[in-house]
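Engineer: Have a look at this one before I ask anything.
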Amino acid sequence: MSRTLARMAVWRVAFAVPLLFAVTAGMFALAKASPFDPIRQYLGDRAQTTSPEVTARIRENWGLDRPLIEQYLDWLGSLLRGDLGESRSLHRPVTDVIGERLGWSLLVVGGAIVVMLIVSLAVGLPAAWRRDSWLDRFITGTAYANEAAPVFWTGLIAIWIFAVQLRWLPSGGLTDAAATTVRPGDVLRHMILPVAVLAFSQSSWLLLFVRESLINTLREDFVTGARARGLRERTVLVRHALRSALLPFITLLGARIPELVTGAILVETIFSWPGVAGTSVQAALAADFPLLAALTLLATLAVVVGNLLADAAYVIADPRVRVLGVS
Amino acid sequence: MLFAEGSPAEGLRADGITVAYDRRRVLDGTSLTVRPGIVTGLAGPSGCGKSTLARVLAMLLRPAAGRLTVDGTEVRRWRHRADLRTRVALIFQQPRLAVDPRFTLLDVIVEPLLAAGRPAADAIAHGERLADEMSLTADLLTRRRHEVSDGQLQRACVARALALRPRYVICDEMTTMLDASTQAHLVARLESYRQETGAGVLAVTHDTDLLARWCEAGAVHHLPAPDGTSLVR
Amino acid sequence: MTQTFDSGTRPGGPGRSGRSGGLFRRDSAFRRAPGRRRGSPRLAVGTLIVLGLAVLVVPVVARLDQQLVDLGAASLPPRPAHPFGTDEMGRDVLLRAVYGLRVSLLVGLVAALVSVTIGTLVGLVSGALGGIADRFIMRVVDGVNSIPHLLLGIFIVAMIKPSVGAVIVSVALTHWTTTARIIRSEVLALRSRPFIDAAISGGSSRLRIVRRHFLPHLAPHVALAAVLMMPHAIWHETALSFLGLGLPPHLASLGNMINDGARSLLAGNWWASIFPGLFILLPTLAISALTQYWRDRTSPRWRSELQL
Amino acid sequence: MSHTFTSIRTSTSSQTVGIGSRLRVDGLSVRFQISGVAPDRATVHAVTDARFEVRQGECLALVGESGCGKSVMAHALLGLLPANAEVTGAARLETDGAEPVDLVGAPEAVLARRVRGRMIGLVPQSPAAHLTPVRTARAQLAEALRELGRPAGSDDLAALARRVGLRPADLDLYPHQLSGGMAQRVANALALAGDPWLIVADEPTTGLDRPLVQTIVSELRRLTDEGRAVLLITHDLRAAEQVADRVAVMYAGRIVSLTSAAEFFARPRHPYAAGLLDALPSRRFTPIPGHPPELTMLPAGCAFRPRCHRATAACERLPEPDEVACHHPLEHHVVR
């Protein structure tokens with residue numbers, strides 16, 4: 001089994017390298033084709049007043065006049081050395097910008113994953129168990145409605161209800177406006193709404209999947225086989241139906257990471273949470289290529305690692321795949 | 001022989017056929033000849049490559065090595081490009097998988113005739129005659145796959161196989177899923193076709209009674225078990 | 001013999017011996033009705049017709065001046081004159097929401113069609129070629145899929161000036177992968193079916209097999225993919241607009257409206273944000289309900305393999 | 001004390017003197033309601049008015065063309081039918097010294113705790129599909145033994161494995177790694193885990209090679225000689241011939257003939273039974289004309305009438321259900 005895992009890990013890494021190269025090349029090409037002129041954007045309103053020679057000299061020492069390939073290789077070289085370059089909009093090294101914000105994003109996304117898992121299992125399984133009862137119809141209905149509602153809209157509604165009307169929770173930010181230091185209790189209170197909204201928006205899809213998977217498994221021959229052997233209903237459900245129904249659940253968690261990142265971008269924007277995902281919006285608004293490129297790479301890496309972990313967990317859990325390995 | 005075109009029927013010969021599925025060698029230098037006018041048998045435990053050999057004989061699977069000749073002409077091109085492919089008909093074990101879910105039974109029978117360019121009205125009339133020979137009643141012909149039993153579906157598949165009057169008919173476990181009465185009926189129909197046209201039939205099955213009753217004496221080939229271990233495993 | 005019958009049961013299945021449906025009726029899950037047809041699609045169809053008419057008729061009847069600002073009527077709560085109230089610039093929320101919906105539907109439709117076309121072509125090529133080519137194409141698909149859609153969208157829009165075209169391109173370029181994967185697996189599954197071998201043995205040419213077997217089977221999947229892609233595309237267009245990277249601010253777009261409304265939300269006037277959101281929710285919910293109903297009816301109908 | 005499989009006849013639980021336990025099926029009918037089709041075709045009459053008995057130490061073979069409703073019988077007896085099935089009539093398990101258990105009305109709890117695995121053991125069709133794919137055979141066997149209150153130590157498992165012809169090491173395989181024969185043996189072991197007195201074997205020989213069918217048939221024979229009752233449901237007449245004491249023939253959901261095996265195989269009196277035997281390659285190899293009727297549109301009277309060459313006007317009426325349900329049974333049909 002470990003041989004399969006090793007083979008799969010090597011295969012995934014071998015595949016990830018060309019992918020990251022392709023992503024960087026794509027982004028670089030798109031950036032070069034973009035109508036925004038980095039020099040004028042850097043100079044901001046001073047651009048009209050500076051003489052052409054000055055802009056030419058800036059262009060030169062930024063190396064923007066060199067052939068594209070050279071610029072790309074130069075940029076890639078620095079990238080590999082860990083120098084992500086300078087953020088044009090924040091005028092600080094990209095590594096610092098990401099360094100101070102990544103932690104907060106992981107906190108919200110991590111919290112959302114935990115809540116998402118618990119909610120989708122706790123609600124999806126009884127819905128499947130009592131299929132077509134009023135409970136099931138209510139759960140499925142809300143899940144489909146939530147699936148159709150954009151997360152930024154549900155976020156605003158959450159703010160309106162809990163922050164504006166009921167005043168239980170702060171409407172955004174990391175700490176109270178007045179606070180000078182970052183106290184855990186304060187951060188926790190500020191974290192509740194973002195995590196809840198992100199988890200709620202993601203769990204509806206997962207919940208429907210868990211329900212569907214269990215319903216189909218209950219129709220399988222091996223469940224009838226287990227019942228025919230005289231096992232108690234609970235044993236059949238837990239040790240036979242659930243075990244094989246929840247297997248694909250693991251791989252799909254890996255597949256949901258891109259949606260999770262999408263959700264994080266929107267949630268951090270609504271709740272003005274100082275995370276790295278929200279920063280990508282400012283970077284985009286300012287056409288800040290270095291910061292945006294780094295963030296996109298970071299997200300892609302997160303997804304590749306996520307898929308690797310999910311597939312590894314699947315190989316461990318499902319004996320059928322253990323020998324063949326996941327392609 | 002009653003075949004209109006082509007060279008005299010000398011047999012469907014497979015020599016030294018080798019087929020491997022990702023490292024596992026399913027057929028290793030297997031040879032078999034389906035002589036015209038008689039019923040040849042092919043037996044062997046499940047997993048010994050019977051179905052693979054059947055698909056090679058029907059020119060649907062290119063072997064890794066070996067030669068296939070149809071009445072003296074060597075087969076060089078396979079599947080779509082094999083121009084002798086309508087001379088050999090293959091009947092599958094699972095009728096439900098061998099029929100497109102959207103086709104009615106009549107569509108199934110008539111499709112080869114239409115593909116050969118026969119005008120629609122003429123093809124349908126011929127198709128209805130073929131269906132009648134398989135005692136498929138008219139009301140069945142408008143039904144689709146999920147509205148008929150395996151037995152009725154396999155009768156349509158046999159009618160389809162005989163539509164272009166093939167010289168060789170390969171029955172790959174044709175009646176394994178069916179009951180004795182339907183089996184007796186299908187075999188009787190193929191026997192009358194063989195006597196009428198002098199076609200060669202290959203019966204692939206592990207049912208020893210059927211082989212003994214249907215095949216020519218002494219014309220039954222046995223393929224070894226896949227890993228050579230005792231059959232009971 | 002497996003006589004296959006289509007067997008979804010009527011609601012309340014006669015098999016039950018009349019036990020009332022208590023809150024947690026002690027009735028084993030194994031004895032529950034094996035899946036029931038959903039309600040009728042009338043509500044969903046009705047919603048789509050109403051919205052469709054609104055989008056087509058209203059812009060002709062009530063010309064909307066995009067630039068008009070009437071601070072006197074700023075942030076009025078819902079009232080007969082303004083059923084959805086007015087926003088902080090005094091513009092009628094309902095009228096702008098209809099215009100916004102029109103743009104969203106347009107963007108959604110075009111983006112869905114473009115992405116489904118690309119996806120179908122890639123899926124067909126990958127499925128038909130098979131072997132090494134298929135594995136390579138699928139690696140590319142996995143690659144594009146591993147970049148979060150919105151982030152890629154943001155990147156594309158950031159690099160080309162925000163406009164309707166930019167949004168369409170970004171949504172289309174990020175969503176063709178799901179369709180490609182569906183079409184490819186359908187083609188691969190179909191190719192391995194014995195009835196394709198039977199057609200080949202029966203003399204059918206490659207072209208005829210595609211026309212008689214592949215297209216009729218793939219058409220519903222392509223249509224379903226396109227229909228399912230619509231709400232997803234609307235969702236992304238409104239998200240980009242909400243982030244200020246979608247349609248230009250002055251243009252009435254549901255995303256912009258919700259974003260503008262957000263500022264006044266904290267002051268308690270909720271209508272400027274909440275109502276436009278409904279215009280995103282309703283079409284999406286209606287489309288998903290319709291596809292759910294359609295999938296129940298046309299997928300190989302729920303079949304109880306009665307082992308007779 | 002490892003779990004030894006003493007033969008039922010000598011074990012104390014059943015008196016060798018009394019008639020022992022038996023299954024009595026009396027007027028059992030199973031109908032399925034299906035929707036989405038025309039009302040007149042909405043009811044599938046899978047089993048109608050079945051009446052038979054199986055005693056300990058006896059093997060009853062239930063034979064018939066596929067699609068005649070015999071496999072539904074196995075699931076009906078164990079209460080495993082889906083919810084859209086309506087089961088009426090009676091099927092009683094009668095054991096000496098205990099009041100009878102009626103399988104038709106029994107709630108799920110009684111079936112799960114007292115009947116399945118303990119009184120009735122099911123040997124399912126396509127055994128590999130009836131094993132949970134993500135758990136080893138050993139885990140499922142040990143779990144079955146524990147739930148049925150039997151010792152489940154490693155030597156008990158080894159004894160049970162050897163009992164059905166498996167090496168103990170085979171138990172560590174997953175279902176997808178088992179060959180056809182091994183899966184069949186694991187299914188037998190699971191069916192015997194609770195030492196039930198009635199074994200229901202649902203098409204145990206379908207799709208298996210001849211030599212494998214031989215081992216299964218001799219295993220079923222051994223179970224009967226051990227004193228268990230065996231209900232063999234199959235369309236493989238050759239297998240039935242080697243193990244059945246009595247043969248019930250089913251056609252279009254009804255039992256049309258219930259006779260001793262000797263009489264069925266040598267001198268079949270029901271036209272359909274004769275037709276079934278004549279169709280065998282080892283006999284006349286002549287088909288029965290026509291098709292079996294749809295179970296949704298059964299003709300009035302004897303369902304075999306359209307295909308029977310001896311049909312007369314009398315056949316409009318349903319024949320009395322006795323040994324041979326036919327108005328004009330064959331008297332001296334010799335089967336070559």
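Chains: A, B, ... in order of the structure tokens. Residues: from 1 per chain. Ligands: from 1, in order shown.
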Please provide the set of residues having any atom within 8 Å of stretch 47-50 of chain D, restricted to only C-alpha atoms, with same-chain residues fewer than 6 positions apart removed, written as a list of chain:residue names.
Structural biologist: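 Close residues of stretch 47-50 of chain D: D:Val25, D:Asp26, D:Gly27, D:Leu28, D:Ser29, D:Val30, D:Arg31, D:Gly69, D:Lys70, D:Val72, D:Met73, D:Gly89, D:Ala252, D:Gly253, D:Arg254, D:Ile255.
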Engineer: If we count only C-alpha atoms and set the cut-off at 9 Å, which residues sit around C:Ala252, ignoring sequence neighbours fewer than 5 positions away in its own chain? Please answer as a PyMOL selection string.
Structural biologist: chain C and resi 66+96-101+103+247+257
Engineer: How about saving the chosen residues, N, CA and C atoms kept, as a compact mmCIF listing (two decimals), in the first residue's frame?
Structural biologist:
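What ended up in out-v3.txt:
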# COMPACT_ATOMS: atom_id res chain seq x y z
N GLN C 66 -29.14 55.72 -16.92
CA GLN C 66 -28.10 55.16 -16.02
C GLN C 66 -27.48 56.25 -15.15
N ARG C 96 -33.66 49.13 -11.65
CA ARG C 96 -32.23 48.85 -11.90
C ARG C 96 -31.96 47.34 -11.76
N ALA C 97 -32.69 46.71 -10.83
CA ALA C 97 -32.47 45.26 -10.65
C ALA C 97 -32.86 44.52 -11.93
N VAL C 98 -33.97 44.97 -12.56
CA VAL C 98 -34.38 44.30 -13.81
C VAL C 98 -33.30 44.49 -14.87
N TYR C 99 -32.79 45.72 -15.00
CA TYR C 99 -31.70 45.96 -15.97
C TYR C 99 -30.49 45.09 -15.61
N GLY C 100 -30.22 45.05 -14.31
CA GLY C 100 -29.06 44.25 -13.87
C GLY C 100 -29.24 42.78 -14.22
N LEU C 101 -30.48 42.31 -14.02
CA LEU C 101 -30.76 40.89 -14.32
C LEU C 101 -30.54 40.63 -15.81
N VAL C 103 -28.50 42.11 -17.83
CA VAL C 103 -27.05 41.99 -18.11
C VAL C 103 -26.55 40.64 -17.62
N LEU C 247 -18.68 44.57 -14.05
CA LEU C 247 -19.14 45.59 -14.99
C LEU C 247 -18.79 46.97 -14.42
N MET C 257 -24.96 46.62 -7.57
CA MET C 257 -26.03 47.13 -6.69
C MET C 257 -25.87 46.60 -5.27
Engineer: Measure the distance from atom CA of A:Trp104 to atom CA of A:Val23 in Å and round it to one decimal.
Structural biologist: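 Between atom CA of A:Trp104 and atom CA of A:Val23 the gap is 25.5 Å.
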Engineer: Based on only C-alpha atoms, which of the residues in chain D come within 6 Å of chain A? I want them as a list in words.
Structural biologist: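 Using only C-alpha atoms, chain D residues at most 6 Å from chain A: Ala112, Arg116, Gly117, Ala129, His130, Leu131, Thr132 and Val134 of chain D.
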Engineer: Give me the residues near B:Ala98 as an MDAnalysis selection string, where near means some atom within 6 Å (using only C-alpha atoms) and where sequence neighbours in that chain fewer than 2 positions away do not count.
Structural biologist: (chainID B and resid 95:96) or (chainID C and resid 194:195)
Engineer: Those selected residues, please, written with all heavy atoms and delivered as a CSV table (one decimal), in the first residue's frame.
Structural biologist:
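Output file selection.csv is given in full below:
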chain,number,residue,atom,x,y,z
B,95,PRO,N,-27.2,-9.5,-23.7
B,95,PRO,CA,-27.9,-8.7,-24.7
B,95,PRO,C,-28.2,-7.3,-24.3
B,95,PRO,O,-28.2,-6.4,-25.1
B,95,PRO,CB,-29.2,-9.5,-24.9
B,95,PRO,CG,-29.3,-10.4,-23.7
B,95,PRO,CD,-27.9,-10.7,-23.2
B,96,ARG,N,-28.4,-7.1,-23.0
B,96,ARG,CA,-28.7,-5.8,-22.5
B,96,ARG,C,-27.6,-4.8,-22.8
B,96,ARG,O,-27.9,-3.6,-23.0
B,96,ARG,CB,-29.0,-5.8,-21.0
B,96,ARG,CG,-30.3,-5.0,-20.6
B,96,ARG,CD,-30.9,-5.5,-19.3
B,96,ARG,NE,-31.9,-6.6,-19.5
B,96,ARG,CZ,-33.1,-6.4,-20.0
B,96,ARG,NH1,-33.4,-5.1,-20.3
B,96,ARG,NH2,-34.0,-7.3,-20.1
C,194,PRO,N,-20.6,-2.9,-25.7
C,194,PRO,CA,-20.7,-3.9,-26.8
C,194,PRO,C,-21.5,-3.4,-27.9
C,194,PRO,O,-21.3,-3.8,-29.1
C,194,PRO,CB,-21.3,-5.1,-26.0
C,194,PRO,CG,-20.9,-4.9,-24.6
C,194,PRO,CD,-20.9,-3.4,-24.4
C,195,PHE,N,-22.5,-2.6,-27.7
C,195,PHE,CA,-23.4,-2.3,-28.9
C,195,PHE,C,-22.6,-1.4,-29.9
C,195,PHE,O,-23.0,-1.3,-31.1
C,195,PHE,CB,-24.7,-1.6,-28.5
C,195,PHE,CG,-24.7,-0.3,-27.8
C,195,PHE,CD1,-24.4,0.9,-28.5
C,195,PHE,CD2,-24.9,-0.2,-26.5
C,195,PHE,CE1,-24.4,2.1,-27.9
C,195,PHE,CE2,-24.9,1.0,-25.8
C,195,PHE,CZ,-24.6,2.2,-26.5
Engineer: Give me, as a list of chain:residue names, all polymer residues having an atom no more than 10 Å from D:Asp202, counting only C-alpha atoms and skipping those fewer than 5 positions away in the same chain.
Structural biologist: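 The neighbour list is D:Leu62, D:Lys70, D:Ser71, D:Val72, D:Met73, D:Ala74, D:His75, D:Leu122, D:Val123, D:Pro124, D:Gln125, D:Ser126, D:Pro127, D:Leu231, D:Leu232, D:Ile233, D:Thr234.
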Engineer: Report as a Markdown table: every residue of chain B with an atom at most 7 Å from chain D, its closest pair of atoms, and their distance in Å to one decimal, counting only C-alpha atoms, with rows sorted by chain and ascending residue number.
Structural biologist:
| residue | atom | partner | partner_atom | distance |
| --- | --- | --- | --- | --- |
| B:Pro45 | CA | D:Asp209 | CA | 6.1 |
| B:Ser46 | CA | D:Asp209 | CA | 7.0 |
| B:Asp179 | CA | D:Glu65 | CA | 5.7 |
| B:Ala180 | CA | D:Ala279 | CA | 5.5 |
| B:Ser181 | CA | D:Pro287 | CA | 4.6 |
| B:Thr182 | CA | D:Pro287 | CA | 6.6 |
| B:Ala184 | CA | D:Pro287 | CA | 4.9 |
| B:His185 | CA | D:Pro287 | CA | 5.1 |
| B:His206 | CA | D:Asp209 | CA | 6.5 |
| B:Asp207 | CA | D:Arg210 | CA | 6.9 |
| B:Asp209 | CA | D:Ser282 | CA | 5.8 |
| B:Leu210 | CA | D:Pro281 | CA | 5.4 |
| B:Arg213 | CA | D:Pro281 | CA | 5.9 |
| B:Val232 | CA | D:Leu212 | CA | 5.9 |
| B:Arg233 | CA | D:Gly181 | CA | 6.4 |
Engineer: Going by DSSP on the backbone, which residues of stretch 13-242 of chain D come out as strand (DSSP E)? List them as number ranges by chain.
Structural biologist: D: 22-33, 43-55, 59-63, 85-94, 101-102, 120-123, 198-202, 229-234
Engineer: Using only C-alpha atoms, which protein or nucleic acid residues come within 8 Å of A:Ile250? Drop anything in the same chain fewer than 5 positions from it, and give the result as a PyMOL selection string.
Structural biologist: chain A and resi 310-311+313-314
Engineer: With only C-alpha atoms as the counted atoms, please give the residues lying no more than 10 Å from A:Ala22, apart from itself and same-chain residues fewer than 5 positions off, as a CSV table (one decimal) with N, CA, C and O atoms, in the first residue's frame.
Structural biologist:
chain,number,residue,atom,x,y,z
A,16,ALA,N,2.9,18.5,-10.8
A,16,ALA,CA,2.6,19.8,-10.3
A,16,ALA,C,3.7,20.8,-10.8
A,16,ALA,O,3.4,21.9,-11.2
A,17,VAL,N,4.9,20.3,-11.0
A,17,VAL,CA,6.0,21.2,-11.5
A,17,VAL,C,5.6,21.9,-12.8
A,17,VAL,O,5.5,23.1,-12.9
A,27,MET,N,0.3,33.6,-16.7
A,27,MET,CA,0.1,34.9,-16.1
A,27,MET,C,1.0,36.0,-16.6
A,27,MET,O,0.6,37.1,-16.9
A,28,PHE,N,2.3,35.6,-16.8
A,28,PHE,CA,3.2,36.6,-17.3
A,28,PHE,C,2.8,37.1,-18.7
A,28,PHE,O,2.7,38.3,-18.9
C,140,VAL,N,-4.1,18.5,-18.4
C,140,VAL,CA,-4.3,20.0,-18.6
C,140,VAL,C,-5.6,20.4,-17.9
C,140,VAL,O,-5.6,21.4,-17.2
C,143,GLY,N,-5.1,20.7,-14.4
C,143,GLY,CA,-4.3,21.9,-14.1
C,143,GLY,C,-5.1,23.1,-14.0
C,143,GLY,O,-5.1,23.9,-13.0
C,144,VAL,N,-5.9,23.4,-15.1
C,144,VAL,CA,-6.7,24.6,-15.1
C,144,VAL,C,-7.7,24.6,-13.9
C,144,VAL,O,-8.0,25.6,-13.3
Engineer: Sorted by chain and rising residue number, which residues of chain B lie within 8 Å of chain C, and what are their closest atom pairs and distances in Å to one decimal, counting only C-alpha atoms, as JSON lines?
Structural biologist:
{"residue": "B:Ala58", "atom": "CA", "partner": "C:Ser201", "partner_atom": "CA", "distance": 7.0}
{"residue": "B:Met59", "atom": "CA", "partner": "C:Ser201", "partner_atom": "CA", "distance": 7.8}
{"residue": "B:Leu60", "atom": "CA", "partner": "C:Asp197", "partner_atom": "CA", "distance": 6.8}
{"residue": "B:Arg79", "atom": "CA", "partner": "C:Ile200", "partner_atom": "CA", "distance": 6.5}
{"residue": "B:His80", "atom": "CA", "partner": "C:Ile200", "partner_atom": "CA", "distance": 6.0}
{"residue": "B:Arg85", "atom": "CA", "partner": "C:Ser201", "partner_atom": "CA", "distance": 5.6}
{"residue": "B:Thr86", "atom": "CA", "partner": "C:Gly203", "partner_atom": "CA", "distance": 5.6}
{"residue": "B:Val88", "atom": "CA", "partner": "C:Ser201", "partner_atom": "CA", "distance": 7.4}
{"residue": "B:Ala89", "atom": "CA", "partner": "C:Ser201", "partner_atom": "CA", "distance": 6.4}
{"residue": "B:Leu90", "atom": "CA", "partner": "C:Ala198", "partner_atom": "CA", "distance": 7.2}
{"residue": "B:Phe92", "atom": "CA", "partner": "C:Pro194", "partner_atom": "CA", "distance": 7.6}
{"residue": "B:Leu97", "atom": "CA", "partner": "C:Pro194", "partner_atom": "CA", "distance": 5.9}
{"residue": "B:Ala98", "atom": "CA", "partner": "C:Phe195", "partner_atom": "CA", "distance": 4.0}
{"residue": "B:Val99", "atom": "CA", "partner": "C:Phe195", "partner_atom": "CA", "distance": 5.2}
{"residue": "B:Asp100", "atom": "CA", "partner": "C:Phe195", "partner_atom": "CA", "distance": 6.1}
{"residue": "B:Glu111", "atom": "CA", "partner": "C:Gly202", "partner_atom": "CA", "distance": 7.8}
{"residue": "B:Pro112", "atom": "CA", "partner": "C:Gly202", "partner_atom": "CA", "distance": 4.9}
{"residue": "B:Ala115", "atom": "CA", "partner": "C:Ser204", "partner_atom": "CA", "distance": 5.2}
{"residue": "B:Ala116", "atom": "CA", "partner": "C:Gly203", "partner_atom": "CA", "distance": 6.6}
{"residue": "B:His146", "atom": "CA", "partner": "C:Thr4", "partner_atom": "CA", "distance": 5.7}
{"residue": "B:Glu147", "atom": "CA", "partner": "C:Thr4", "partner_atom": "CA", "distance": 6.8}
{"residue": "B:Val148", "atom": "CA", "partner": "C:Gln3", "partner_atom": "CA", "distance": 7.0}
{"residue": "B:Ser149", "atom": "CA", "partner": "C:Gln3", "partner_atom": "CA", "distance": 5.5}
{"residue": "B:Asp150", "atom": "CA", "partner": "C:Met1", "partner_atom": "CA", "distance": 6.2}
{"residue": "B:Gly151", "atom": "CA", "partner": "C:Met1", "partner_atom": "CA", "distance": 7.9}
{"residue": "B:Ala161", "atom": "CA", "partner": "C:Gly202", "partner_atom": "CA", "distance": 7.3}
{"residue": "B:Leu164", "atom": "CA", "partner": "C:Gly202", "partner_atom": "CA", "distance": 7.9}
{"residue": "B:Met177", "atom": "CA", "partner": "C:Met1", "partner_atom": "CA", "distance": 7.7}
{"residue": "B:Leu178", "atom": "CA", "partner": "C:Met1", "partner_atom": "CA", "distance": 7.3}
Engineer: Can you tell me which residues surround stretch 83-88 of chain C at a distance of at most 8 Å, considering only C-alpha atoms, apart from same-chain residues fewer than 5 positions away, and format the answer as a short mmCIF file (atom, residue, chain, number, x, y, z; two decimals) with N, CA and C atoms, in the first residue's frame?
Structural biologist:
data_model
loop_
_atom_site.label_atom_id
_atom_site.label_comp_id
_atom_site.auth_asym_id
_atom_site.auth_seq_id
_atom_site.Cartn_x
_atom_site.Cartn_y
_atom_site.Cartn_z
N LEU C 71 -30.91 62.86 -5.35
CA LEU C 71 -30.57 62.74 -3.91
C LEU C 71 -31.79 62.99 -3.03
N ALA C 73 -34.60 61.65 -3.26
CA ALA C 73 -35.33 60.41 -2.95
C ALA C 73 -34.35 59.33 -2.50
N ALA C 74 -33.25 59.73 -1.86
CA ALA C 74 -32.22 58.73 -1.51
C ALA C 74 -32.72 57.79 -0.41
N SER C 75 -32.36 56.50 -0.55
CA SER C 75 -32.59 55.48 0.49
C SER C 75 -34.01 55.47 1.05
N LEU C 76 -35.03 55.50 0.15
CA LEU C 76 -36.42 55.41 0.64
C LEU C 76 -36.76 53.93 0.83
N PRO C 77 -37.34 53.56 1.96
CA PRO C 77 -37.73 52.14 2.15
C PRO C 77 -38.82 51.75 1.14
N PRO C 78 -39.08 50.48 0.92
CA PRO C 78 -40.07 50.03 -0.08
C PRO C 78 -41.41 50.72 0.12
N VAL C 93 -34.71 50.82 -7.07
CA VAL C 93 -33.98 49.53 -6.96
C VAL C 93 -34.60 48.49 -7.91
N LEU C 94 -35.92 48.44 -7.97
CA LEU C 94 -36.57 47.40 -8.80
C LEU C 94 -36.19 47.58 -10.26
N GLY C 261 -25.20 48.81 -2.09
CA GLY C 261 -26.18 48.71 -0.99
C GLY C 261 -25.52 48.35 0.33
N SER C 264 -24.88 51.13 2.82
CA SER C 264 -26.01 51.69 3.59
C SER C 264 -26.63 50.60 4.47
N TRP C 271 -32.80 47.19 1.94
CA TRP C 271 -33.44 46.81 0.67
C TRP C 271 -32.51 46.98 -0.54
N ALA C 272 -31.59 47.93 -0.45
CA ALA C 272 -30.76 48.19 -1.64
C ALA C 272 -29.86 46.99 -1.95
N PHE C 275 -32.78 42.98 -2.05
CA PHE C 275 -33.66 42.69 -3.19
C PHE C 275 -32.88 42.28 -4.45
#
